[in-house]
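J.: So here's run_31.txt, just compact mmCIF, C-alpha atoms:
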# COMPACT_ATOMS: atom_id res chain seq x y z
CA MET X 1 75.44 75.48 128.50
CA GLY X 2 73.01 75.51 131.41
CA TRP X 3 69.26 75.77 131.55
CA SER X 4 67.14 78.06 129.40
CA ILE X 5 63.70 77.47 130.95
CA LYS X 6 62.99 76.33 134.51
CA ALA X 7 59.44 75.76 135.75
CA GLU X 8 58.74 74.89 139.39
CA GLY X 9 55.30 73.85 140.64
CA LEU X 10 53.41 75.74 137.94
CA GLY X 11 49.67 75.95 138.42
CA LYS X 12 46.97 77.95 136.71
CA ASP X 13 43.33 77.98 137.77
CA TYR X 14 40.21 79.65 136.43
CA VAL X 15 36.84 80.26 138.05
CA ILE X 16 33.93 78.86 136.07
CA ARG X 17 30.52 80.27 136.89
CA HIS X 18 27.43 78.06 136.53
CA GLU X 19 23.95 79.57 136.46
CA ALA X 20 21.44 77.38 138.31
CA GLY X 21 18.77 78.32 135.78
CA HIS X 22 19.14 80.56 132.77
CA ARG X 23 16.45 82.96 131.62
CA TYR X 24 16.22 85.73 129.05
CA VAL X 25 17.10 89.17 130.50
CA ALA X 26 15.34 92.11 128.85
CA LEU X 27 16.16 95.81 129.16
CA ARG X 28 13.21 96.25 131.54
CA ASP X 29 14.77 93.67 133.87
CA VAL X 30 18.03 95.62 133.97
CA ILE X 31 16.20 98.89 134.70
CA SER X 32 14.01 97.19 137.31
CA ASP X 33 17.03 95.69 139.08
CA SER X 34 18.78 99.09 139.06
CA MET X 35 15.77 100.77 140.62
CA ARG X 36 15.46 98.05 143.26
CA GLY X 37 19.12 98.57 144.16
CA LEU X 38 18.67 102.35 144.28
CA PHE X 39 15.84 102.10 146.82
CA GLY X 40 17.39 99.27 148.80
CA MET X 41 14.85 96.71 147.68
CA ARG X 42 15.86 93.09 147.32
CA ARG X 43 14.43 90.27 145.31
CA THR X 44 12.72 87.60 147.28
CA ALA X 45 14.28 84.15 147.41
CA GLY X 46 13.56 82.15 144.29
CA GLU X 47 13.05 85.16 142.00
CA ARG X 48 16.53 84.70 140.49
CA PRO X 49 18.38 81.40 140.77
CA ALA X 50 21.67 81.56 142.59
CA SER X 51 24.85 80.87 140.63
CA THR X 52 27.63 78.53 141.66
CA ARG X 53 31.33 78.77 141.01
CA GLU X 54 33.79 76.02 140.23
CA ARG X 55 37.56 76.24 140.39
CA PHE X 56 39.12 74.66 137.30
CA TRP X 57 42.84 73.85 137.22
CA ALA X 58 44.19 74.13 133.67
CA LEU X 59 47.68 73.34 135.03
CA ARG X 60 48.66 71.84 138.34
CA ASP X 61 52.13 71.23 139.86
CA VAL X 62 54.09 71.21 136.58
CA SER X 63 57.88 71.26 136.96
CA PHE X 64 60.60 70.79 134.35
CA GLU X 65 63.93 72.17 133.16
CA ILE X 66 64.98 72.73 129.54
CA ASP X 67 68.59 73.29 128.56
CA GLN X 68 69.81 75.97 126.23
CA GLY X 69 69.72 74.83 122.61
CA GLU X 70 67.24 71.98 123.22
CA ARG X 71 64.33 71.35 120.88
CA VAL X 72 61.45 70.12 123.03
CA GLY X 73 57.99 69.00 121.96
CA ILE X 74 54.85 69.40 124.06
CA ILE X 75 52.07 66.92 123.34
CA GLY X 76 48.76 65.88 124.85
CA ARG X 77 45.07 65.68 124.09
CA ASN X 78 42.89 68.77 123.64
CA GLY X 79 42.40 70.35 127.06
CA ALA X 80 45.60 68.89 128.47
CA GLY X 81 46.98 72.36 129.29
CA LYS X 82 49.46 72.81 126.41
CA SER X 83 48.27 76.27 125.32
CA THR X 84 47.99 77.47 128.92
CA LEU X 85 51.59 76.42 129.55
CA LEU X 86 52.79 78.25 126.43
CA LYS X 87 50.91 81.41 127.43
CA ILE X 88 52.63 81.35 130.82
CA LEU X 89 56.05 80.78 129.22
CA SER X 90 55.32 83.59 126.74
CA ARG X 91 54.37 85.86 129.68
CA ILE X 92 50.90 86.42 128.26
CA THR X 93 49.32 85.21 131.49
CA ASP X 94 50.66 84.77 135.02
CA PRO X 95 50.64 81.45 136.87
CA SER X 96 48.36 81.07 139.89
CA LEU X 97 50.98 78.98 141.66
CA GLY X 98 54.67 78.27 141.21
CA SER X 99 57.21 80.11 139.13
CA VAL X 100 58.92 80.04 135.76
CA ARG X 101 62.33 81.48 134.95
CA LEU X 102 63.52 82.25 131.42
CA ARG X 103 66.99 83.17 130.27
CA GLY X 104 66.78 85.50 127.29
CA ARG X 105 64.15 86.98 125.04
CA VAL X 106 61.14 84.93 123.93
CA ALA X 107 59.60 84.89 120.45
CA SER X 108 56.24 83.12 120.34
CA LEU X 109 53.80 82.14 117.61
CA LEU X 110 50.61 81.01 119.34
CA GLU X 111 47.63 82.06 117.22
CA VAL X 112 47.11 83.03 113.60
CA GLY X 113 47.22 86.80 113.22
CA THR X 114 48.40 87.59 116.76
CA GLY X 115 50.16 90.95 116.76
CA PHE X 116 48.95 91.86 113.27
CA HIS X 117 46.80 94.88 112.39
CA PRO X 118 44.39 93.97 109.59
CA GLU X 119 44.38 97.45 108.03
CA LEU X 120 48.18 97.63 107.76
CA THR X 121 50.15 96.13 104.91
CA GLY X 122 52.46 93.14 105.23
CA ARG X 123 55.44 95.48 105.19
CA GLU X 124 54.03 97.63 107.99
CA ASN X 125 53.05 94.58 110.02
CA ILE X 126 56.60 93.23 109.86
CA PHE X 127 57.74 96.33 111.76
CA LEU X 128 54.70 96.30 114.08
CA ASN X 129 54.88 92.59 114.92
CA GLY X 130 58.65 92.70 115.21
CA ALA X 131 58.38 95.55 117.72
CA ILE X 132 55.75 93.63 119.72
CA LEU X 133 58.11 90.65 119.85
CA GLY X 134 60.91 92.87 121.13
CA MET X 135 62.94 93.54 117.99
CA THR X 136 64.55 96.94 117.58
CA LYS X 137 64.07 98.87 114.35
CA ILE X 138 67.69 98.15 113.47
CA GLU X 139 67.15 94.39 113.94
CA ILE X 140 63.99 94.47 111.84
CA ARG X 141 65.71 96.32 109.01
CA ARG X 142 68.68 93.94 109.18
CA ASN X 143 66.43 90.88 108.87
CA PHE X 144 63.73 92.40 106.64
CA ASP X 145 64.83 90.82 103.35
CA GLN X 146 65.25 87.38 104.97
CA ILE X 147 61.79 87.63 106.55
CA VAL X 148 60.16 88.50 103.22
CA GLU X 149 62.04 85.79 101.34
CA PHE X 150 61.19 83.12 103.91
CA SER X 151 57.49 84.09 104.08
CA GLU X 152 57.09 83.97 100.27
CA VAL X 153 54.65 86.90 100.30
CA GLN X 154 56.79 89.33 98.26
CA LYS X 155 54.00 89.89 95.74
CA PHE X 156 51.56 90.95 98.47
CA LEU X 157 53.95 92.84 100.71
CA ASP X 158 52.12 96.16 100.24
CA THR X 159 48.64 94.64 100.50
CA PRO X 160 46.64 95.03 103.76
CA VAL X 161 46.88 91.75 105.66
CA LYS X 162 43.08 91.64 106.07
CA ARG X 163 43.14 90.33 102.51
CA TYR X 164 45.66 87.59 103.36
CA SER X 165 44.62 83.96 103.63
CA SER X 166 45.24 82.17 106.95
CA GLY X 167 48.18 80.40 105.30
CA MET X 168 49.76 83.74 104.32
CA TYR X 169 49.23 85.00 107.86
CA VAL X 170 51.14 82.01 109.25
CA ARG X 171 53.95 82.34 106.69
CA LEU X 172 54.58 85.94 107.61
CA ALA X 173 54.11 85.49 111.37
CA PHE X 174 56.48 82.50 111.52
CA ALA X 175 59.07 84.28 109.39
CA ILE X 176 59.08 87.24 111.79
CA ALA X 177 59.25 85.07 114.93
CA ALA X 178 61.97 82.83 113.46
CA HIS X 179 64.19 85.75 112.50
CA LEU X 180 63.85 87.53 115.83
CA GLU X 181 67.25 87.30 117.49
CA SER X 182 65.77 85.69 120.59
CA GLU X 183 67.08 82.93 122.81
CA ILE X 184 63.76 81.05 123.00
CA LEU X 185 61.26 80.30 120.20
CA ILE X 186 57.79 78.99 121.11
CA VAL X 187 55.53 77.66 118.33
CA ASP X 188 51.99 76.35 118.82
CA GLU X 189 49.85 74.23 116.47
CA VAL X 190 49.41 77.14 114.03
CA LEU X 191 51.80 75.55 111.50
CA ALA X 192 49.02 73.10 110.69
CA VAL X 193 47.37 75.95 108.75
CA GLY X 194 50.24 76.05 106.26
CA ASP X 195 50.76 73.65 103.37
CA THR X 196 53.02 70.61 103.65
CA ALA X 197 55.96 72.22 101.84
CA PHE X 198 55.92 75.24 104.14
CA GLN X 199 55.62 73.02 107.23
CA LYS X 200 58.78 71.18 106.16
CA LYS X 201 60.48 74.53 105.61
CA CYS X 202 59.50 75.63 109.13
CA ILE X 203 60.74 72.37 110.67
CA ALA X 204 64.09 72.83 108.90
CA LYS X 205 64.28 76.43 110.18
CA MET X 206 63.56 75.33 113.76
CA GLU X 207 66.28 72.67 113.48
CA GLU X 208 68.67 75.39 112.34
CA ILE X 209 67.62 77.59 115.28
CA GLY X 210 68.28 74.73 117.70
CA ARG X 211 71.73 74.06 116.24
CA SER X 212 72.58 77.74 116.72
CA GLY X 213 72.15 77.34 120.48
CA ARG X 214 68.64 78.76 120.78
CA THR X 215 65.85 76.89 122.55
CA VAL X 216 62.74 75.72 120.67
CA LEU X 217 59.39 74.65 122.20
CA PHE X 218 56.99 73.09 119.69
CA VAL X 219 53.38 72.00 120.24
CA SER X 220 51.67 69.76 117.70
CA HIS X 221 49.09 66.98 117.43
CA ASN X 222 51.06 65.64 114.46
CA MET X 223 53.62 63.21 115.86
CA GLY X 224 55.68 63.20 112.63
CA PRO X 225 57.09 66.75 112.96
CA ILE X 226 57.52 66.25 116.73
CA ALA X 227 59.61 63.10 116.13
CA ALA X 228 61.62 64.79 113.38
CA LEU X 229 62.43 67.98 115.27
CA CYS X 230 62.52 67.32 119.00
CA SER X 231 65.11 65.47 121.05
CA ARG X 232 62.90 65.47 124.15
CA CYS X 233 59.17 65.65 124.72
CA ILE X 234 56.77 66.72 127.48
CA LEU X 235 53.45 64.89 127.81
CA LEU X 236 50.60 66.70 129.57
CA ALA X 237 47.34 65.08 130.65
CA ALA X 238 44.47 66.89 132.41
CA GLY X 239 46.78 69.78 133.30
CA GLU X 240 49.44 67.59 134.93
CA LEU X 241 52.90 66.52 133.79
CA GLN X 242 52.46 62.92 132.67
CA SER X 243 55.95 62.26 131.33
CA ILE X 244 59.14 63.92 130.11
CA GLY X 245 61.96 62.18 128.28
CA PRO X 246 63.25 61.05 124.86
CA THR X 247 60.75 61.92 122.16
CA LEU X 248 60.00 58.44 120.82
CA ASP X 249 59.48 57.06 124.35
CA VAL X 250 57.05 59.83 125.25
CA ILE X 251 55.16 59.47 121.95
CA SER X 252 54.76 55.75 122.68
CA GLU X 253 53.40 56.57 126.13
CA TYR X 254 51.02 59.15 124.64
CA ASN X 255 49.71 56.52 122.24
CA ARG X 256 49.14 54.11 125.10
CA VAL X 257 47.31 56.48 127.44
CA ALA X 258 45.41 58.65 124.94
CA GLU X 259 41.93 57.64 123.94
CA LEU X 260 42.84 57.12 120.32
CA HIS X 261 40.41 55.75 117.76
CA THR X 262 42.28 52.48 117.48
CA THR X 263 39.04 50.49 117.14
CA VAL X 264 36.67 51.52 114.36
CA ASP X 265 33.11 50.20 114.07
CA ILE X 266 32.22 49.55 110.45
CA GLU X 267 29.46 51.85 109.22
CA PRO X 268 27.29 51.37 106.12
CA SER X 269 28.99 54.35 104.43
CA MET X 270 32.31 52.46 104.50
CA ARG X 271 30.94 49.52 102.49
CA ASN X 272 31.90 49.61 98.85
CA ARG X 273 30.32 46.32 97.82
CA GLY X 274 29.68 42.77 99.01
CA ASP X 275 26.74 40.39 99.13
CA GLY X 276 26.51 40.40 102.95
CA ARG X 277 27.32 36.74 103.59
CA VAL X 278 30.51 37.87 105.37
CA ARG X 279 30.63 41.22 107.16
CA PHE X 280 33.35 43.10 109.02
CA LEU X 281 31.90 44.55 112.23
CA SER X 282 34.99 46.39 113.54
CA VAL X 283 38.71 46.84 112.88
CA SER X 284 41.36 47.44 115.58
CA ILE X 285 44.96 48.51 115.03
CA SER X 286 47.94 47.85 117.32
CA ASN X 287 51.57 46.81 117.32
CA LYS X 288 52.61 43.16 117.48
CA ARG X 289 52.60 43.39 121.31
CA ASN X 290 48.87 44.18 121.16
CA GLU X 291 49.38 47.75 122.37
CA PRO X 292 46.70 49.96 120.71
CA LEU X 293 48.53 52.45 118.49
CA ASN X 294 48.03 54.41 115.32
CA SER X 295 51.54 55.95 115.12
CA PHE X 296 54.49 53.73 114.19
CA LEU X 297 58.22 53.99 113.49
CA ILE X 298 59.60 53.05 110.08
CA GLY X 299 59.85 49.27 110.02
CA ASP X 300 57.41 48.61 112.88
CA GLU X 301 55.06 45.71 112.41
CA ILE X 302 51.39 46.67 112.34
CA LYS X 303 48.61 44.39 113.51
CA LEU X 304 44.98 44.60 112.40
CA GLU X 305 42.24 42.64 114.11
CA PHE X 306 38.89 42.26 112.33
CA LEU X 307 35.70 41.16 114.03
CA VAL X 308 34.00 39.08 111.33
CA GLU X 309 30.43 37.82 111.12
CA SER X 310 29.75 34.93 108.72
CA ASN X 311 26.54 33.44 107.37
CA LEU X 312 28.19 30.81 105.19
CA SER X 313 30.33 27.71 105.55
CA GLU X 314 32.94 27.41 102.79
CA GLU X 315 36.47 28.37 101.78
CA ILE X 316 37.12 32.11 101.37
CA SER X 317 40.01 34.59 101.11
CA PHE X 318 40.73 37.96 102.73
CA TRP X 319 42.63 40.99 101.43
CA VAL X 320 44.03 44.34 102.68
CA ILE X 321 45.15 47.40 100.66
CA ILE X 322 47.10 50.34 102.13
CA PHE X 323 46.69 53.80 100.55
CA ASP X 324 48.80 56.94 100.97
CA ALA X 325 47.40 60.40 101.80
CA THR X 326 46.56 61.08 98.13
CA GLY X 327 44.45 57.93 97.86
CA ARG X 328 47.05 56.06 95.80
CA PRO X 329 47.23 52.32 96.62
CA LEU X 330 50.78 51.53 97.76
CA LEU X 331 50.73 48.00 99.14
CA SER X 332 48.33 45.09 99.08
CA SER X 333 48.19 41.70 100.73
CA HIS X 334 45.80 39.08 99.38
CA GLN X 335 45.39 36.17 101.74
CA ARG X 336 44.45 34.13 98.66
CA ASP X 337 48.09 34.29 97.58
CA ILE X 338 49.11 32.41 100.71
CA GLU X 339 46.28 30.16 101.77
CA ILE X 340 42.55 29.69 101.69
CA VAL X 341 40.64 29.40 104.97
CA ARG X 342 37.42 27.59 105.72
CA ILE X 343 34.98 29.71 107.66
CA GLY X 344 31.75 28.62 109.36
CA ARG X 345 28.70 30.44 110.58
CA GLY X 346 29.15 32.75 113.56
CA ARG X 347 31.59 35.44 114.69
CA PHE X 348 35.37 35.22 114.36
CA ARG X 349 38.48 37.28 115.00
CA LEU X 350 40.75 37.68 111.98
CA GLU X 351 44.33 38.89 112.58
CA PHE X 352 46.58 40.51 110.01
CA LEU X 353 50.24 41.24 110.92
CA THR X 354 52.59 43.03 108.52
CA SER X 355 56.12 41.78 107.98
CA GLY X 356 58.86 44.02 106.60
CA MET X 357 56.38 46.56 105.22
CA GLY X 358 58.81 49.51 105.43
CA LEU X 359 56.45 52.40 104.68
CA MET X 360 58.13 55.80 104.88
CA PRO X 361 56.73 58.71 106.96
CA GLY X 362 53.21 59.82 106.15
CA SER X 363 49.52 59.19 106.77
CA TYR X 364 47.88 56.04 105.46
CA THR X 365 44.40 54.51 105.21
CA ILE X 366 43.31 50.90 104.92
CA SER X 367 40.66 49.11 102.89
CA ALA X 368 39.88 45.44 103.35
CA GLY X 369 37.52 42.74 102.18
CA ALA X 370 36.80 39.09 101.46
CA PHE X 371 35.80 37.03 98.43
CA ASP X 372 34.79 33.45 97.76
CA GLN X 373 36.40 30.89 95.46
CA ARG X 374 34.47 32.29 92.47
CA LEU X 375 36.01 35.73 93.25
CA THR X 376 32.61 37.10 94.25
CA PHE X 377 33.02 39.92 96.75
CA LEU X 378 31.56 38.98 100.12
CA GLU X 379 32.72 42.19 101.82
CA TRP X 380 34.61 45.34 100.86
CA VAL X 381 35.09 48.26 103.28
CA ASP X 382 37.02 51.46 102.50
CA ASN X 383 38.90 53.70 104.98
CA CYS X 384 38.22 51.30 107.83
CA GLN X 385 41.45 52.25 109.64
CA GLN X 386 44.17 54.85 109.44
CA PHE X 387 47.68 55.18 110.83
CA GLU X 388 50.76 57.37 110.71
CA VAL X 389 54.39 56.45 110.15
CA LEU X 390 56.74 58.76 112.06
CA THR X 391 59.92 60.30 110.69
CA SER X 392 62.30 57.96 112.49
CA PHE X 393 63.55 54.39 112.14
CA GLN X 394 63.38 51.86 114.97
CA ASP X 395 67.01 52.55 115.91
CA GLY X 396 66.31 56.28 116.24
CA VAL X 397 67.93 57.32 112.93
CA ALA X 398 66.06 60.26 111.38
CA PHE X 399 64.32 59.92 108.02
CA ASP X 400 65.79 61.53 104.90
CA GLY X 401 63.12 62.56 102.41
CA ARG X 402 65.26 61.48 99.45
CA TRP X 403 64.84 57.80 100.36
CA GLY X 404 61.56 57.16 98.56
CA ALA X 405 58.11 55.99 99.66
CA VAL X 406 58.87 52.43 100.79
CA ASN X 407 61.91 50.98 102.56
CA LEU X 408 62.54 47.68 100.76
CA PRO X 409 63.56 44.80 103.02
CA ALA X 410 66.28 42.80 101.28
CA GLN X 411 69.38 40.70 101.84
CA TRP X 412 72.75 42.06 100.74
CA SER X 413 75.88 39.98 100.22
CA LEU X 414 79.41 40.83 99.18
CA SER X 415 81.93 38.37 97.71
CA PRO X 416 85.20 38.61 95.79
CA SER X 417 84.81 38.84 92.02
CA GLY X 418 87.21 36.21 90.65
What is this structure when it is put down as structure tokens?

T.:
Amino acid sequence: MGWSIKAEGLGKDYVIRHEAGHRYVALRDVISDSMRGLFGMRRTAGERPASTRERFWALRDVSFEIDQGERVGIIGRNGAGKSTLLKILSRITDPSLGSVRLRGRVASLLEVGTGFHPELTGRENIFLNGAILGMTKIEIRRNFDQIVEFSEVQKFLDTPVKRYSSGMYVRLAFAIAAHLESEILIVDEVLAVGDTAFQKKCIAKMEEIGRSGRTVLFVSHNMGPIAALCSRCILLAAGELQSIGPTLDVISEYNRVAELHTTVDIEPSMRNRGDGRVRFLSVSISNKRNEPLNSFLIGDEIKLEFLVESNLSEEISFWVIIFDATGRPLLSSHQRDIEIVRIGRGRFRLEFLTSGMGLMPGSYTISAGAFDQRLTFLEWVDNCQQFEVLTSFQDGVAFDGRWGAVNLPAQWSLSPSG
């Protein structure tokens, strides 16, 4: 089908001005400076500190090609250049260097409320925003009912949008952009404002758009939707193209290079109870290859490493509980069920490696602790680590939401019945 977007050597720089010393400027200073300029008088050196300028590259030498009908994710830390790239692709700003070529019309959803007039009603803003995005009045009328139905704001259609919540803004804005008969749809992180059900609805709509032969670019810090929607991914770091390739590979690279909070120092506020004879000092999370991660595929093994300080010498047991996003405990592992360990005084590293856990996509938190042989709690820390399970299995098969909360590892056998 050929390419839809082609970027070659894209660069965008800004000039940042630094004042050598900042002071309050009153109206009399402005008038005085104007009079000095009128009579050709100059300030003596040192009266006003000189300013310096710095050239900041938000993007530098970024090149890529996206085929028609592809769904591509763009990921990276804050300040990596994602929004700048989308603004260039949306033709909101021009690149300082390089070029970008687009085949077809572009519909973009970059910020909540962009293209909306607060005094106009939802109905009026559909026509206004649609026109800004390049839709003709005939196209808007043809898609009007679908836009309203998708946005779920029928009840407030004739209410000024200044009274809309941010979630309602996003619903209506996405519905308009998604139903624009464009060849390219660009969506920034704004979907995070909506509720979970609407986010899933938007992901399904973007999948449908991709299957129809239109190109989708999607930016998110949430790796779950990126893994579910996108076949390829672009990783930006400090304004430069770090990697481009299959989504799961790029997400893994992002997890390796990003400064994620994979090691958490235990704070007093995390401690639920315990008599202090055994204390957790920190908890690290990684995969079984010791690569620091907090995003995993369904079925991946997860490794926790606790730094433990002990002031006793006796047999004790450790435990871990995993909670879902609602705070419901899903899985637990009590080391007491397997074996008791003898600990001495000093510092130790305690490793915990899951086996066949099979958690389905979502966000999870971990609590952990230790108790002695009399079941007295030595340590108990809540929310000491968190991780995310992505919407894909290890073999790349996409997750189906009808499959429950936990994938149960089991052995199946088939034999003739008599």

J.: Tell me which of X:Arg77, X:Arg342, X:Lys200, X:Lys205 sits closest to X:Thr391, counting only C-alpha atoms.

T.: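 Smallest separation from X:Thr391 among the options: X:Lys200.
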
J.: For stretch 138-142 of chain X, take all atoms listed in the file, fit an axis-aligned box around them, add 3 Å to each of the six sides, then output centre and edge lengths in Å rounded to one decimal, as AutoDock Vina command-line options.

T.:
--center_x 66.3 --center_y 96.0 --center_z 111.5 --size_x 10.7 --size_y 10.2 --size_z 10.9

J.: Dump as JSON lines the rows for residues of stretch 194-239 of chain X within 8 Å of stretch 160-183 of chain X: closest atom pair and distance in Å with one decimal, only C-alpha atoms counted, ordered by chain and rising residue number.

T.:
{"residue": "X:Gly194", "atom": "CA", "partner": "X:Gly167", "partner_atom": "CA", "distance": 4.9}
{"residue": "X:Asp195", "atom": "CA", "partner": "X:Gly167", "partner_atom": "CA", "distance": 7.5}
{"residue": "X:Phe198", "atom": "CA", "partner": "X:Arg171", "partner_atom": "CA", "distance": 7.8}
{"residue": "X:Cys202", "atom": "CA", "partner": "X:Phe174", "partner_atom": "CA", "distance": 7.9}
{"residue": "X:Lys205", "atom": "CA", "partner": "X:Ala178", "partner_atom": "CA", "distance": 7.6}
{"residue": "X:Met206", "atom": "CA", "partner": "X:Ala178", "partner_atom": "CA", "distance": 7.7}
{"residue": "X:Ile209", "atom": "CA", "partner": "X:Ala178", "partner_atom": "CA", "distance": 7.9}
{"residue": "X:Gly213", "atom": "CA", "partner": "X:Glu183", "partner_atom": "CA", "distance": 7.9}
{"residue": "X:Arg214", "atom": "CA", "partner": "X:Glu183", "partner_atom": "CA", "distance": 4.9}
{"residue": "X:Thr215", "atom": "CA", "partner": "X:Glu183", "partner_atom": "CA", "distance": 6.2}

J.: By how many Å are atom CA of X:Val100 and atom CA of X:Thr84 apart?

T.: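 Rounded to one decimal, the two atoms are 13.1 Å apart.
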
J.: Which is closest to X:Leu307 among X:Ile5, X:Val278, X:Ile74, X:Leu109, if we use only C-alpha atoms?

T.: X:Val278

J.: Give me the residues within 8 Å of X:Glu305 as a ChimeraX atom specification, counting only C-alpha atoms and dropping any in the same chain fewer than 3 places off.

T.: /X:283-285,349-352

J.: Compile the contact shell of X:Pro361 as a list in words: residues with an atom at most 9 Å away, counting only C-alpha atoms, same-chain residues fewer than 5 positions apart removed.

T.: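 Contacts, with the query itself left out: Gly224, Leu297, Ile298, Glu388, Val389, Leu390, Thr391, Ser392, Phe399, Gly401 and Ala405 of chain X.
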
J.: How many Å separate atom CA of X:Gly210 from atom CA of X:Thr247?

T.: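 That distance, rounded to one decimal, is 15.5 Å.
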
J.: Quick one: residues within 10 Å of X:Lys6, all atoms listed in the file, excluding same-chain residues fewer than 6 positions away - as a PyMOL selection string?

T.: chain X and resi 63-67+89+99-103

J.: Just the residues within 12 Å of X:Asn287, please, counting only C-alpha atoms, with nothing from its chain fewer than 5 positions along; format it as a ChimeraX atom specification.

T.: /X:252,255-256,262,292-297,299-305,351-355,387

J.: As an exercise, work out the distance from atom CA of X:Asn129 to atom CA of X:His117 in Å and give it to one decimal place.

T.: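 Answer for the atom CA of X:Asn129 to atom CA of X:His117 separation: 8.8 Å.
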
J.: From the set X:Arg71, X:Arg279, X:Glu291, X:Pro409, which residue has the shortest atom-to-atom contact distance to X:Gly358, counting only C-alpha atoms?

T.: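 Between X:Arg71, X:Arg279, X:Glu291, X:Pro409, the residue approaching X:Gly358 most closely is X:Pro409.
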
J.: Of the candidates X:Leu97, X:Lys201, X:Asn290, X:Asp372, which shows the shortest atom-to-atom distance to X:Phe150, using only C-alpha atoms?

T.: X:Lys201

J.: Go ahead and find all residues with at least one atom no further than 10 Å from (41.6, 42.2, 103.0) in the file's coordinates, using all atoms listed in the file; report them as a count of residues only.

T.: 22

J.: Of the candidates X:Val15, X:Ile92, X:Ile31, X:Ile184, which one gets nearest to X:Glu54 if we count only C-alpha atoms?

T.: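 Going through X:Val15, X:Ile92, X:Ile31, X:Ile184 one by one, the smallest distance to X:Glu54 is for X:Val15.
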